[in-house]
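Next comes upload.pdb, a file with PDB, C-alpha atoms.
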```pdb
ATOM      1  CA  ALA C   1     -32.261-126.670 218.033  1.00  0.00           C
ATOM      2  CA  TYR C   2     -33.959-127.795 221.241  1.00  0.00           C
ATOM      3  CA  HIS C   3     -36.240-130.798 221.721  1.00  0.00           C
ATOM      4  CA  PHE C   4     -38.878-130.279 224.413  1.00  0.00           C
ATOM      5  CA  ASP C   5     -41.140-132.658 226.279  1.00  0.00           C
ATOM      6  CA  GLY C   6     -44.450-131.315 224.932  1.00  0.00           C
ATOM      7  CA  ASN C   7     -46.543-132.349 227.945  1.00  0.00           C
ATOM      8  CA  ALA C   8     -44.062-130.992 230.486  1.00  0.00           C
ATOM      9  CA  ILE C   9     -43.610-127.633 228.781  1.00  0.00           C
ATOM     10  CA  GLY C  10     -47.390-127.335 228.382  1.00  0.00           C
ATOM     11  CA  GLN C  11     -47.814-127.764 232.129  1.00  0.00           C
ATOM     12  CA  TYR C  12     -45.033-125.238 232.758  1.00  0.00           C
ATOM     13  CA  PHE C  13     -46.753-122.556 230.668  1.00  0.00           C
ATOM     14  CA  LYS C  14     -50.097-123.395 232.301  1.00  0.00           C
ATOM     15  CA  ASP C  15     -48.563-122.741 235.723  1.00  0.00           C
ATOM     16  CA  VAL C  16     -47.091-119.445 234.496  1.00  0.00           C
ATOM     17  CA  CYS C  17     -50.470-118.339 233.106  1.00  0.00           C
ATOM     18  CA  ILE C  18     -52.280-119.166 236.362  1.00  0.00           C
ATOM     19  CA  LYS C  19     -49.630-117.194 238.269  1.00  0.00           C
ATOM     20  CA  PHE C  20     -50.499-114.132 236.189  1.00  0.00           C
ATOM     21  CA  GLY C  21     -54.233-114.478 236.716  1.00  0.00           C
ATOM     22  CA  VAL C  22     -55.358-116.410 233.634  1.00  0.00           C
ATOM     23  CA  THR C  23     -58.525-118.444 234.228  1.00  0.00           C
ATOM     24  CA  ILE C  24     -58.247-122.057 233.036  1.00  0.00           C
ATOM     25  CA  ILE C  25     -61.467-123.668 231.742  1.00  0.00           C
ATOM     26  CA  ASP C  26     -61.081-127.348 230.917  1.00  0.00           C
ATOM     27  CA  ALA C  27     -63.753-127.982 228.267  1.00  0.00           C
ATOM     28  CA  GLU C  28     -64.223-128.346 224.509  1.00  0.00           C
ATOM     29  CA  VAL C  29     -66.002-126.065 222.060  1.00  0.00           C
ATOM     30  CA  GLU C  30     -69.506-127.348 221.428  1.00  0.00           C
ATOM     31  CA  ASP C  31     -71.015-124.503 219.384  1.00  0.00           C
ATOM     32  CA  THR C  32     -70.165-121.046 218.036  1.00  0.00           C
ATOM     33  CA  ILE C  33     -72.616-118.156 217.606  1.00  0.00           C
ATOM     34  CA  PHE C  34     -71.908-115.269 215.215  1.00  0.00           C
ATOM     35  CA  ASP C  35     -73.674-111.926 214.722  1.00  0.00           C
ATOM     36  CA  GLU C  36     -74.952-110.515 211.419  1.00  0.00           C
ATOM     37  CA  ASN C  37     -71.463-109.140 210.597  1.00  0.00           C
ATOM     38  CA  GLU C  38     -69.841-112.569 211.104  1.00  0.00           C
ATOM     39  CA  ASN C  39     -68.173-111.531 214.351  1.00  0.00           C
ATOM     40  CA  LEU C  40     -67.984-114.341 216.892  1.00  0.00           C
ATOM     41  CA  LYS C  41     -70.044-113.431 219.959  1.00  0.00           C
ATOM     42  CA  ASP C  42     -70.630-116.597 221.994  1.00  0.00           C
ATOM     43  CA  VAL C  43     -68.830-119.898 222.383  1.00  0.00           C
ATOM     44  CA  LYS C  44     -70.765-122.720 224.035  1.00  0.00           C
ATOM     45  CA  LEU C  45     -68.643-125.292 225.882  1.00  0.00           C
ATOM     46  CA  THR C  46     -69.207-128.945 226.715  1.00  0.00           C
ATOM     47  CA  ASN C  47     -69.289-128.124 230.436  1.00  0.00           C
ATOM     48  CA  GLY C  48     -72.458-126.057 229.916  1.00  0.00           C
ATOM     49  CA  GLU C  49     -70.778-122.653 230.064  1.00  0.00           C
ATOM     50  CA  THR C  50     -71.190-119.947 227.413  1.00  0.00           C
ATOM     51  CA  ILE C  51     -68.205-117.609 226.969  1.00  0.00           C
ATOM     52  CA  GLN C  52     -68.413-114.115 225.470  1.00  0.00           C
ATOM     53  CA  SER C  53     -65.550-111.972 224.219  1.00  0.00           C
ATOM     54  CA  ASP C  54     -64.688-109.013 221.974  1.00  0.00           C
ATOM     55  CA  LEU C  55     -61.615-110.787 220.570  1.00  0.00           C
ATOM     56  CA  TRP C  56     -60.873-114.493 220.173  1.00  0.00           C
ATOM     57  CA  ILE C  57     -57.586-116.345 219.731  1.00  0.00           C
ATOM     58  CA  ASP C  58     -57.908-119.654 217.879  1.00  0.00           C
ATOM     59  CA  SER C  59     -54.981-121.899 218.799  1.00  0.00           C
ATOM     60  CA  THR C  60     -56.929-125.161 218.511  1.00  0.00           C
ATOM     61  CA  GLY C  61     -54.611-126.710 215.913  1.00  0.00           C
ATOM     62  CA  PHE C  62     -56.050-128.765 213.067  1.00  0.00           C
ATOM     63  CA  SER C  63     -59.551-128.671 214.549  1.00  0.00           C
ATOM     64  CA  ARG C  64     -59.695-124.885 213.901  1.00  0.00           C
ATOM     65  CA  ALA C  65     -62.661-124.815 216.277  1.00  0.00           C
ATOM     66  CA  LEU C  66     -63.296-121.081 215.775  1.00  0.00           C
ATOM     67  CA  MET C  67     -61.781-119.978 212.460  1.00  0.00           C
ATOM     68  CA  GLY C  68     -63.071-123.107 210.726  1.00  0.00           C
ATOM     69  CA  LYS C  69     -66.643-121.848 211.249  1.00  0.00           C
ATOM     70  CA  THR C  70     -66.021-118.604 209.305  1.00  0.00           C
ATOM     71  CA  LYS C  71     -65.972-117.740 205.592  1.00  0.00           C
ATOM     72  CA  ASN C  72     -62.250-117.026 205.714  1.00  0.00           C
ATOM     73  CA  LYS C  73     -60.737-118.543 202.549  1.00  0.00           C
ATOM     74  CA  TRP C  74     -58.345-121.503 202.854  1.00  0.00           C
ATOM     75  CA  ILE C  75     -55.498-121.329 200.305  1.00  0.00           C
ATOM     76  CA  SER C  76     -54.251-124.848 199.577  1.00  0.00           C
ATOM     77  CA  PHE C  77     -50.610-125.606 198.700  1.00  0.00           C
ATOM     78  CA  LYS C  78     -51.307-129.166 197.533  1.00  0.00           C
ATOM     79  CA  ASP C  79     -50.212-128.448 193.938  1.00  0.00           C
ATOM     80  CA  ASN C  80     -46.698-127.794 195.274  1.00  0.00           C
ATOM     81  CA  LEU C  81     -46.795-129.903 198.461  1.00  0.00           C
ATOM     82  CA  PRO C  82     -48.734-133.093 197.604  1.00  0.00           C
ATOM     83  CA  VAL C  83     -48.052-134.963 200.885  1.00  0.00           C
ATOM     84  CA  ASN C  84     -51.236-135.089 202.968  1.00  0.00           C
ATOM     85  CA  SER C  85     -50.832-137.922 205.486  1.00  0.00           C
ATOM     86  CA  ALA C  86     -48.504-138.885 208.321  1.00  0.00           C
ATOM     87  CA  ILE C  87     -47.966-142.050 210.343  1.00  0.00           C
ATOM     88  CA  PRO C  88     -46.144-141.266 213.627  1.00  0.00           C
ATOM     89  CA  PHE C  89     -44.547-144.141 215.561  1.00  0.00           C
ATOM     90  CA  SER C  90     -41.567-144.784 217.814  1.00  0.00           C
ATOM     91  CA  THR C  91     -38.627-147.185 217.922  1.00  0.00           C
ATOM     92  CA  ASP C  92     -36.318-148.275 220.714  1.00  0.00           C
ATOM     93  CA  ILE C  93     -33.162-146.321 221.441  1.00  0.00           C
ATOM     94  CA  ASN C  94     -29.872-147.321 223.057  1.00  0.00           C
ATOM     95  CA  SER C  95     -26.267-146.138 223.183  1.00  0.00           C
ATOM     96  CA  ASN C  96     -25.378-148.320 220.197  1.00  0.00           C
ATOM     97  CA  ASN C  97     -27.877-146.880 217.703  1.00  0.00           C
ATOM     98  CA  VAL C  98     -28.478-143.287 218.853  1.00  0.00           C
ATOM     99  CA  ARG C  99     -27.451-140.446 216.554  1.00  0.00           C
ATOM    100  CA  PHE C 100     -27.611-136.971 218.062  1.00  0.00           C
ATOM    101  CA  GLU C 101     -29.295-135.461 215.060  1.00  0.00           C
ATOM    102  CA  THR C 102     -32.659-135.540 213.317  1.00  0.00           C
ATOM    103  CA  LEU C 103     -32.740-137.847 210.310  1.00  0.00           C
ATOM    104  CA  ALA C 104     -34.883-137.083 207.256  1.00  0.00           C
ATOM    105  CA  GLU C 105     -34.899-139.834 204.642  1.00  0.00           C
ATOM    106  CA  THR C 106     -36.567-140.346 201.255  1.00  0.00           C
ATOM    107  CA  MET C 107     -39.309-142.984 201.035  1.00  0.00           C
ATOM    108  CA  ASN C 108     -41.435-144.338 198.180  1.00  0.00           C
ATOM    109  CA  SER C 109     -44.206-141.734 198.436  1.00  0.00           C
ATOM    110  CA  GLY C 110     -42.792-139.143 200.804  1.00  0.00           C
ATOM    111  CA  TRP C 111     -40.198-139.011 203.545  1.00  0.00           C
ATOM    112  CA  LEU C 112     -39.363-140.371 206.995  1.00  0.00           C
ATOM    113  CA  TRP C 113     -38.237-138.530 210.112  1.00  0.00           C
ATOM    114  CA  GLN C 114     -36.393-139.992 213.100  1.00  0.00           C
ATOM    115  CA  ILE C 115     -35.723-137.830 216.173  1.00  0.00           C
ATOM    116  CA  PRO C 116     -33.628-139.163 219.089  1.00  0.00           C
ATOM    117  CA  LEU C 117     -35.294-138.583 222.477  1.00  0.00           C
ATOM    118  CA  HIS C 118     -34.233-139.740 225.949  1.00  0.00           C
ATOM    119  CA  GLU C 119     -36.032-143.092 225.848  1.00  0.00           C
ATOM    120  CA  ARG C 120     -37.023-143.636 222.217  1.00  0.00           C
ATOM    121  CA  HIS C 121     -36.786-142.469 218.640  1.00  0.00           C
ATOM    122  CA  GLY C 122     -39.766-140.315 217.663  1.00  0.00           C
ATOM    123  CA  CYS C 123     -40.493-141.262 214.044  1.00  0.00           C
ATOM    124  CA  GLY C 124     -43.022-140.609 211.328  1.00  0.00           C
ATOM    125  CA  TYR C 125     -43.712-141.327 207.670  1.00  0.00           C
ATOM    126  CA  VAL C 126     -45.092-138.351 205.724  1.00  0.00           C
ATOM    127  CA  TYR C 127     -46.658-139.472 202.449  1.00  0.00           C
ATOM    128  CA  CYS C 128     -49.269-138.717 199.798  1.00  0.00           C
ATOM    129  CA  ASP C 129     -52.268-141.053 199.778  1.00  0.00           C
ATOM    130  CA  GLY C 130     -52.715-140.304 196.077  1.00  0.00           C
ATOM    131  CA  PHE C 131     -49.715-142.548 195.414  1.00  0.00           C
ATOM    132  CA  GLN C 132     -50.067-145.274 198.005  1.00  0.00           C
ATOM    133  CA  SER C 133     -52.494-146.343 200.712  1.00  0.00           C
ATOM    134  CA  TYR C 134     -52.098-146.337 204.488  1.00  0.00           C
ATOM    135  CA  ASP C 135     -51.663-150.139 204.539  1.00  0.00           C
ATOM    136  CA  GLU C 136     -49.008-149.978 201.815  1.00  0.00           C
ATOM    137  CA  SER C 137     -47.177-147.268 203.768  1.00  0.00           C
ATOM    138  CA  VAL C 138     -47.198-149.321 206.981  1.00  0.00           C
ATOM    139  CA  SER C 139     -45.949-152.334 205.018  1.00  0.00           C
ATOM    140  CA  GLU C 140     -43.109-150.228 203.599  1.00  0.00           C
ATOM    141  CA  LEU C 141     -42.120-149.226 207.144  1.00  0.00           C
ATOM    142  CA  ASN C 142     -42.274-152.848 208.363  1.00  0.00           C
ATOM    143  CA  ASN C 143     -39.952-153.897 205.554  1.00  0.00           C
ATOM    144  CA  LYS C 144     -37.549-151.041 206.239  1.00  0.00           C
ATOM    145  CA  PHE C 145     -37.264-151.646 209.989  1.00  0.00           C
ATOM    146  CA  LYS C 146     -37.542-155.440 209.601  1.00  0.00           C
ATOM    147  CA  LYS C 147     -40.287-155.625 212.237  1.00  0.00           C
ATOM    148  CA  ASP C 148     -43.906-154.602 212.659  1.00  0.00           C
ATOM    149  CA  ILE C 149     -44.070-150.956 213.662  1.00  0.00           C
ATOM    150  CA  GLU C 150     -46.946-149.757 215.858  1.00  0.00           C
ATOM    151  CA  PRO C 151     -48.540-146.566 214.447  1.00  0.00           C
ATOM    152  CA  ILE C 152     -49.588-144.093 217.140  1.00  0.00           C
ATOM    153  CA  LYS C 153     -52.247-142.524 214.935  1.00  0.00           C
ATOM    154  CA  HIS C 154     -53.002-141.671 211.291  1.00  0.00           C
ATOM    155  CA  ILE C 155     -52.851-137.920 210.656  1.00  0.00           C
ATOM    156  CA  LYS C 156     -54.574-136.334 207.641  1.00  0.00           C
ATOM    157  CA  PHE C 157     -53.778-132.734 206.691  1.00  0.00           C
ATOM    158  CA  ASP C 158     -54.047-130.181 203.894  1.00  0.00           C
ATOM    159  CA  CYS C 159     -50.959-128.046 203.313  1.00  0.00           C
ATOM    160  CA  GLY C 160     -51.905-124.393 203.074  1.00  0.00           C
ATOM    161  CA  ARG C 161     -52.945-121.293 204.996  1.00  0.00           C
ATOM    162  CA  TYR C 162     -55.904-119.038 205.645  1.00  0.00           C
ATOM    163  CA  GLU C 163     -56.094-115.950 203.464  1.00  0.00           C
ATOM    164  CA  ASN C 164     -56.310-113.825 206.625  1.00  0.00           C
ATOM    165  CA  THR C 165     -54.695-114.723 209.938  1.00  0.00           C
ATOM    166  CA  TRP C 166     -56.926-112.105 211.604  1.00  0.00           C
ATOM    167  CA  TYR C 167     -60.489-112.421 210.291  1.00  0.00           C
ATOM    168  CA  LYS C 168     -63.314-110.340 211.800  1.00  0.00           C
ATOM    169  CA  ASN C 169     -62.694-110.709 215.558  1.00  0.00           C
ATOM    170  CA  ILE C 170     -60.773-114.005 215.443  1.00  0.00           C
ATOM    171  CA  VAL C 171     -56.976-114.356 215.270  1.00  0.00           C
ATOM    172  CA  SER C 172     -55.527-117.761 214.365  1.00  0.00           C
ATOM    173  CA  ILE C 173     -52.150-118.655 215.843  1.00  0.00           C
ATOM    174  CA  GLY C 174     -50.159-121.794 215.039  1.00  0.00           C
ATOM    175  CA  LEU C 175     -51.613-124.802 213.213  1.00  0.00           C
ATOM    176  CA  SER C 176     -55.070-123.251 213.204  1.00  0.00           C
ATOM    177  CA  SER C 177     -53.792-120.630 210.728  1.00  0.00           C
ATOM    178  CA  HIS C 178     -51.489-122.607 208.441  1.00  0.00           C
ATOM    179  CA  PHE C 179     -49.641-125.888 207.907  1.00  0.00           C
ATOM    180  CA  LEU C 180     -46.766-126.896 205.656  1.00  0.00           C
ATOM    181  CA  GLU C 181     -45.421-130.212 206.917  1.00  0.00           C
ATOM    182  CA  PRO C 182     -44.896-132.130 210.193  1.00  0.00           C
ATOM    183  CA  LEU C 183     -41.231-131.226 210.773  1.00  0.00           C
ATOM    184  CA  GLN C 184     -41.803-127.523 210.146  1.00  0.00           C
ATOM    185  CA  ALA C 185     -39.678-125.876 212.817  1.00  0.00           C
ATOM    186  CA  THR C 186     -40.432-122.517 211.190  1.00  0.00           C
ATOM    187  CA  SER C 187     -44.023-122.962 212.371  1.00  0.00           C
ATOM    188  CA  ILE C 188     -42.893-122.331 215.959  1.00  0.00           C
ATOM    189  CA  HIS C 189     -41.194-119.106 214.890  1.00  0.00           C
ATOM    190  CA  ILE C 190     -44.325-117.963 213.030  1.00  0.00           C
ATOM    191  CA  ALA C 191     -46.519-118.703 216.060  1.00  0.00           C
ATOM    192  CA  ILE C 192     -44.213-116.708 218.358  1.00  0.00           C
ATOM    193  CA  PHE C 193     -44.012-113.823 215.886  1.00  0.00           C
ATOM    194  CA  THR C 194     -47.804-113.776 215.419  1.00  0.00           C
ATOM    195  CA  ALA C 195     -48.517-113.681 219.160  1.00  0.00           C
ATOM    196  CA  THR C 196     -45.791-111.113 219.842  1.00  0.00           C
ATOM    197  CA  HIS C 197     -46.831-108.824 216.990  1.00  0.00           C
ATOM    198  CA  LEU C 198     -50.479-109.041 218.065  1.00  0.00           C
ATOM    199  CA  VAL C 199     -49.787-108.131 221.701  1.00  0.00           C
ATOM    200  CA  LEU C 200     -47.010-105.559 221.284  1.00  0.00           C
ATOM    201  CA  HIS C 201     -48.085-103.751 218.119  1.00  0.00           C
ATOM    202  CA  SER C 202     -51.750-104.412 217.276  1.00  0.00           C
ATOM    203  CA  LEU C 203     -53.721-104.459 220.543  1.00  0.00           C
ATOM    204  CA  LYS C 204     -53.018-100.938 221.753  1.00  0.00           C
ATOM    205  CA  ASP C 205     -56.548-100.258 223.030  1.00  0.00           C
ATOM    206  CA  LYS C 206     -60.091-101.623 222.784  1.00  0.00           C
ATOM    207  CA  GLU C 207     -60.758 -99.662 219.589  1.00  0.00           C
ATOM    208  CA  SER C 208     -57.838-101.416 217.839  1.00  0.00           C
ATOM    209  CA  ILE C 209     -59.786-104.698 218.006  1.00  0.00           C
ATOM    210  CA  GLN C 210     -62.209-103.335 215.395  1.00  0.00           C
ATOM    211  CA  SER C 211     -59.744-101.151 213.462  1.00  0.00           C
ATOM    212  CA  GLN C 212     -59.706-102.312 209.840  1.00  0.00           C
ATOM    213  CA  SER C 213     -56.359-100.588 209.220  1.00  0.00           C
ATOM    214  CA  THR C 214     -54.851-102.443 212.197  1.00  0.00           C
ATOM    215  CA  ILE C 215     -56.246-105.779 210.995  1.00  0.00           C
ATOM    216  CA  LYS C 216     -55.042-105.149 207.420  1.00  0.00           C
ATOM    217  CA  LEU C 217     -51.523-104.265 208.584  1.00  0.00           C
ATOM    218  CA  PHE C 218     -51.414-107.283 210.903  1.00  0.00           C
ATOM    219  CA  ASN C 219     -52.392-109.646 208.065  1.00  0.00           C
ATOM    220  CA  LYS C 220     -49.796-108.060 205.792  1.00  0.00           C
ATOM    221  CA  MET C 221     -47.087-108.627 208.391  1.00  0.00           C
TER     222      MET C 221
END
```

Would you mind giving the structure from this file in structure tokens?
Amino acid sequence: AYHFDGNAIGQYFKDVCIKFGVTIIDAEVEDTIFDENENLKDVKLTNGETIQSDLWIDSTGFSRALMGKTKNKWISFKDNLPVNSAIPFSTDINSNNVRFETLAETMNSGWLWQIPLHERHGCGYVYCDGFQSYDESVSELNNKFKKDIEPIKHIKFDCGRYENTWYKNIVSIGLSSHFLEPLQATSIHIAIFTATHLVLHSLKDKESIQSQSTIKLFNKM
């Protein structure tokens, strides 16, 4: 497996996209406007622009800025995957304590990951808040590491997936379409497969955007 610097690889792909003529608009989604058939027509941005398109790709992660406004059904996996919270943090790293492998370890109400990076260990506690609170989870980490850890953020999530990855004229790719757990390397594979299958097999012409048989086959795949 490879560990990437997320910010650096994001900038790399941005440069590649610009090279091939992609227009970069740095703004957030402020509002979405749908027609009578629930197709997304307009997206209003915080910079004052309104964008129109025949097909939309939602890769906005947990915010699900486009698909989250539709009637597409969310299928929850919480009966089988009860964890719903994560506390990411980091610890120091040096040549005496580094292990060149990812550690996954059982905790009281979930599990802990530790990933060795160049200058730190990237860590996180994945737990279920139905069994213990955020403060209790932080206290458990402090006791384990014998020091006060500094949480980067508190992430809340619902394990599950949308019933349809392609719904009306919106296609969800990545975390905007599904989520299992924070160390889900398979998620990267699914995102690559979804994008590749969409471009190489589904979008053959403009008519394919509205082809129900194409959409049905895509969702089946």

- Message: For a quick check of understanding, using only C-alpha atoms, which of C:Ile87, C:Leu45, C:Val171, C:Ile24 has the smallest distance to C:Ser139?
- Response: C:Ile87

Please tabulate, as JSON lines, the residues of stretch 51-101 of chain C that come within 10 Å of stretch 140-152 of chain C, each with its closest pair of atoms and the distance in Å to one decimal, counting all atoms listed in the file and ordering rows by chain, then residue number upward.
```
{"residue": "C:Ala86", "atom": "CA", "partner": "C:Pro151", "partner_atom": "CA", "distance": 9.8}
{"residue": "C:Ile87", "atom": "CA", "partner": "C:Pro151", "partner_atom": "CA", "distance": 6.1}
{"residue": "C:Pro88", "atom": "CA", "partner": "C:Ile152", "partner_atom": "CA", "distance": 5.7}
{"residue": "C:Phe89", "atom": "CA", "partner": "C:Pro151", "partner_atom": "CA", "distance": 4.8}
{"residue": "C:Ser90", "atom": "CA", "partner": "C:Glu150", "partner_atom": "CA", "distance": 7.6}
{"residue": "C:Thr91", "atom": "CA", "partner": "C:Ile149", "partner_atom": "CA", "distance": 7.9}
```

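Applied to this file, the PyMOL selection byres ((chain C and resi 31-35) around 10) selects the residues Glu28, Val29, Glu30, Glu36, Asn37, Glu38, Asn39, Leu40, Lys41, Asp42, Val43, Lys44, Leu45, Thr46, Thr50, Ile51, Gln52, Ala65, Leu66, Lys69 and Thr70 of chain C.
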
Write a file of the selected residues as a short mmCIF file (atom, residue, chain, number, x, y, z; two decimals), in the coordinates of the input, keeping C-alpha atoms.
```cif
data_model
loop_
_atom_site.label_atom_id
_atom_site.label_comp_id
_atom_site.auth_asym_id
_atom_site.auth_seq_id
_atom_site.Cartn_x
_atom_site.Cartn_y
_atom_site.Cartn_z
CA GLU C 28 -64.22 -128.35 224.51
CA VAL C 29 -66.00 -126.06 222.06
CA GLU C 30 -69.51 -127.35 221.43
CA GLU C 36 -74.95 -110.52 211.42
CA ASN C 37 -71.46 -109.14 210.60
CA GLU C 38 -69.84 -112.57 211.10
CA ASN C 39 -68.17 -111.53 214.35
CA LEU C 40 -67.98 -114.34 216.89
CA LYS C 41 -70.04 -113.43 219.96
CA ASP C 42 -70.63 -116.60 221.99
CA VAL C 43 -68.83 -119.90 222.38
CA LYS C 44 -70.76 -122.72 224.04
CA LEU C 45 -68.64 -125.29 225.88
CA THR C 46 -69.21 -128.94 226.72
CA THR C 50 -71.19 -119.95 227.41
CA ILE C 51 -68.20 -117.61 226.97
CA GLN C 52 -68.41 -114.12 225.47
CA ALA C 65 -62.66 -124.82 216.28
CA LEU C 66 -63.30 -121.08 215.78
CA LYS C 69 -66.64 -121.85 211.25
CA THR C 70 -66.02 -118.60 209.30
#
```

- Task: Write out as a ChimeraX atom specification the residues lying within 7 Å of stretch 204-219 of chain C, counting all atoms listed in the file and excluding same-chain residues fewer than 6 positions away.
- Result: /C:55,164-166

Keeping only C-alpha atoms, write the selected residues as an mmCIF file, keeping the file's coordinate frame.
```
data_model
loop_
_atom_site.group_PDB
_atom_site.id
_atom_site.type_symbol
_atom_site.label_atom_id
_atom_site.label_comp_id
_atom_site.auth_asym_id
_atom_site.auth_seq_id
_atom_site.Cartn_x
_atom_site.Cartn_y
_atom_site.Cartn_z
ATOM 1 C CA LEU C 55 -61.615 -110.787 220.570
ATOM 2 C CA ASN C 164 -56.310 -113.825 206.625
ATOM 3 C CA THR C 165 -54.695 -114.723 209.938
ATOM 4 C CA TRP C 166 -56.926 -112.105 211.604
#
```

- Message: I'd like the interatomic distance between atom CA of C:Asn80 and atom CA of C:Leu183, to a tenth of an Å.
- Response: 16.8 Å

- Query: Selected by the PyMOL selection byres ((chain C and resi 189-195) around 9) in the shown coordinates: which residues, as a PyMOL selection string?
  - Reply: chain C and resi 165+172-175+185-188+196-200+218+221

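The space between atom CA of C:Asn94 and atom CA of C:Asp135 spans 28.7 Å.
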
- Task: Output the residue selection produced by the PyMOL selection byres ((chain C and resi 123-129) around 10) on the file above, formatted as a ChimeraX atom specification.
- Result: /C:81-91,102-116,120-122,130-134,136-138,140-141,151-152,154-156,181-183

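Put simply, atom CA of C:Glu101 is 26.5 Å away from atom CA of C:His178.
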
- Query: Counting only C-alpha atoms, which of C:Phe62, C:Phe77, C:Phe4, C:Trp56 gets nearest to C:Leu180?
  - Reply: C:Phe77

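You can rank C:Asn169, C:Val22, C:Cys159, C:Gln11 by their closest distance to C:Ser53 using only C-alpha atoms, and at the top of that list sits C:Asn169.
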
Model the absent atoms of stretch 138-158 of chain C so that N, CA and C atoms are present, and write the result as a PDB file, in the frame of the given file.
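Saved to out16.pdb:
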```pdb
ATOM      1  N   VAL C 138     -47.599-148.567 205.792  1.00  0.00           N
ATOM      2  CA  VAL C 138     -47.198-149.321 206.981  1.00  0.00           C
ATOM      3  C   VAL C 138     -46.341-150.517 206.587  1.00  0.00           C
ATOM      4  N   SER C 139     -46.718-151.189 205.503  1.00  0.00           N
ATOM      5  CA  SER C 139     -45.949-152.334 205.018  1.00  0.00           C
ATOM      6  C   SER C 139     -44.541-151.912 204.609  1.00  0.00           C
ATOM      7  N   GLU C 140     -44.425-150.742 203.985  1.00  0.00           N
ATOM      8  CA  GLU C 140     -43.109-150.228 203.599  1.00  0.00           C
ATOM      9  C   GLU C 140     -42.245-149.983 204.841  1.00  0.00           C
ATOM     10  N   LEU C 141     -42.852-149.460 205.890  1.00  0.00           N
ATOM     11  CA  LEU C 141     -42.120-149.226 207.144  1.00  0.00           C
ATOM     12  C   LEU C 141     -41.692-150.545 207.792  1.00  0.00           C
ATOM     13  N   ASN C 142     -42.600-151.539 207.786  1.00  0.00           N
ATOM     14  CA  ASN C 142     -42.274-152.848 208.363  1.00  0.00           C
ATOM     15  C   ASN C 142     -41.073-153.475 207.654  1.00  0.00           C
ATOM     16  N   ASN C 143     -41.063-153.342 206.335  1.00  0.00           N
ATOM     17  CA  ASN C 143     -39.952-153.897 205.554  1.00  0.00           C
ATOM     18  C   ASN C 143     -38.650-153.149 205.844  1.00  0.00           C
ATOM     19  N   LYS C 144     -38.743-151.846 206.008  1.00  0.00           N
ATOM     20  CA  LYS C 144     -37.549-151.041 206.239  1.00  0.00           C
ATOM     21  C   LYS C 144     -36.926-151.352 207.601  1.00  0.00           C
ATOM     22  N   PHE C 145     -37.775-151.434 208.638  1.00  0.00           N
ATOM     23  CA  PHE C 145     -37.264-151.646 209.989  1.00  0.00           C
ATOM     24  C   PHE C 145     -37.161-153.127 210.356  1.00  0.00           C
ATOM     25  N   LYS C 146     -37.616-153.988 209.415  1.00  0.00           N
ATOM     26  CA  LYS C 146     -37.542-155.440 209.601  1.00  0.00           C
ATOM     27  C   LYS C 146     -38.285-155.906 210.859  1.00  0.00           C
ATOM     28  N   LYS C 147     -39.392-155.231 211.151  1.00  0.00           N
ATOM     29  CA  LYS C 147     -40.287-155.625 212.237  1.00  0.00           C
ATOM     30  C   LYS C 147     -41.590-154.858 212.049  1.00  0.00           C
ATOM     31  N   ASP C 148     -42.618-155.282 212.755  1.00  0.00           N
ATOM     32  CA  ASP C 148     -43.906-154.602 212.659  1.00  0.00           C
ATOM     33  C   ASP C 148     -43.893-153.341 213.537  1.00  0.00           C
ATOM     34  N   ILE C 149     -44.002-152.199 212.899  1.00  0.00           N
ATOM     35  CA  ILE C 149     -44.070-150.956 213.662  1.00  0.00           C
ATOM     36  C   ILE C 149     -45.496-150.778 214.206  1.00  0.00           C
ATOM     37  N   GLU C 150     -45.635-149.998 215.245  1.00  0.00           N
ATOM     38  CA  GLU C 150     -46.946-149.757 215.858  1.00  0.00           C
ATOM     39  C   GLU C 150     -47.319-148.284 215.690  1.00  0.00           C
ATOM     40  N   PRO C 151     -48.143-147.966 214.672  1.00  0.00           N
ATOM     41  CA  PRO C 151     -48.540-146.566 214.447  1.00  0.00           C
ATOM     42  C   PRO C 151     -49.264-145.994 215.668  1.00  0.00           C
ATOM     43  N   ILE C 152     -48.936-144.768 216.024  1.00  0.00           N
ATOM     44  CA  ILE C 152     -49.588-144.093 217.140  1.00  0.00           C
ATOM     45  C   ILE C 152     -50.946-143.559 216.708  1.00  0.00           C
ATOM     46  N   LYS C 153     -51.004-143.045 215.510  1.00  0.00           N
ATOM     47  CA  LYS C 153     -52.247-142.524 214.935  1.00  0.00           C
ATOM     48  C   LYS C 153     -52.040-142.356 213.431  1.00  0.00           C
ATOM     49  N   HIS C 154     -53.094-141.972 212.719  1.00  0.00           N
ATOM     50  CA  HIS C 154     -53.002-141.671 211.291  1.00  0.00           C
ATOM     51  C   HIS C 154     -53.473-140.234 211.111  1.00  0.00           C
ATOM     52  N   ILE C 155     -52.550-139.345 210.745  1.00  0.00           N
ATOM     53  CA  ILE C 155     -52.851-137.920 210.656  1.00  0.00           C
ATOM     54  C   ILE C 155     -53.114-137.533 209.206  1.00  0.00           C
ATOM     55  N   LYS C 156     -54.244-136.860 208.969  1.00  0.00           N
ATOM     56  CA  LYS C 156     -54.574-136.334 207.641  1.00  0.00           C
ATOM     57  C   LYS C 156     -54.472-134.812 207.709  1.00  0.00           C
ATOM     58  N   PHE C 157     -53.917-134.188 206.680  1.00  0.00           N
ATOM     59  CA  PHE C 157     -53.778-132.734 206.691  1.00  0.00           C
ATOM     60  C   PHE C 157     -53.813-132.184 205.266  1.00  0.00           C
ATOM     61  N   ASP C 158     -54.038-130.884 205.172  1.00  0.00           N
ATOM     62  CA  ASP C 158     -54.047-130.181 203.894  1.00  0.00           C
ATOM     63  C   ASP C 158     -53.055-129.037 204.011  1.00  0.00           C
TER      64      ASP C 158
END
```
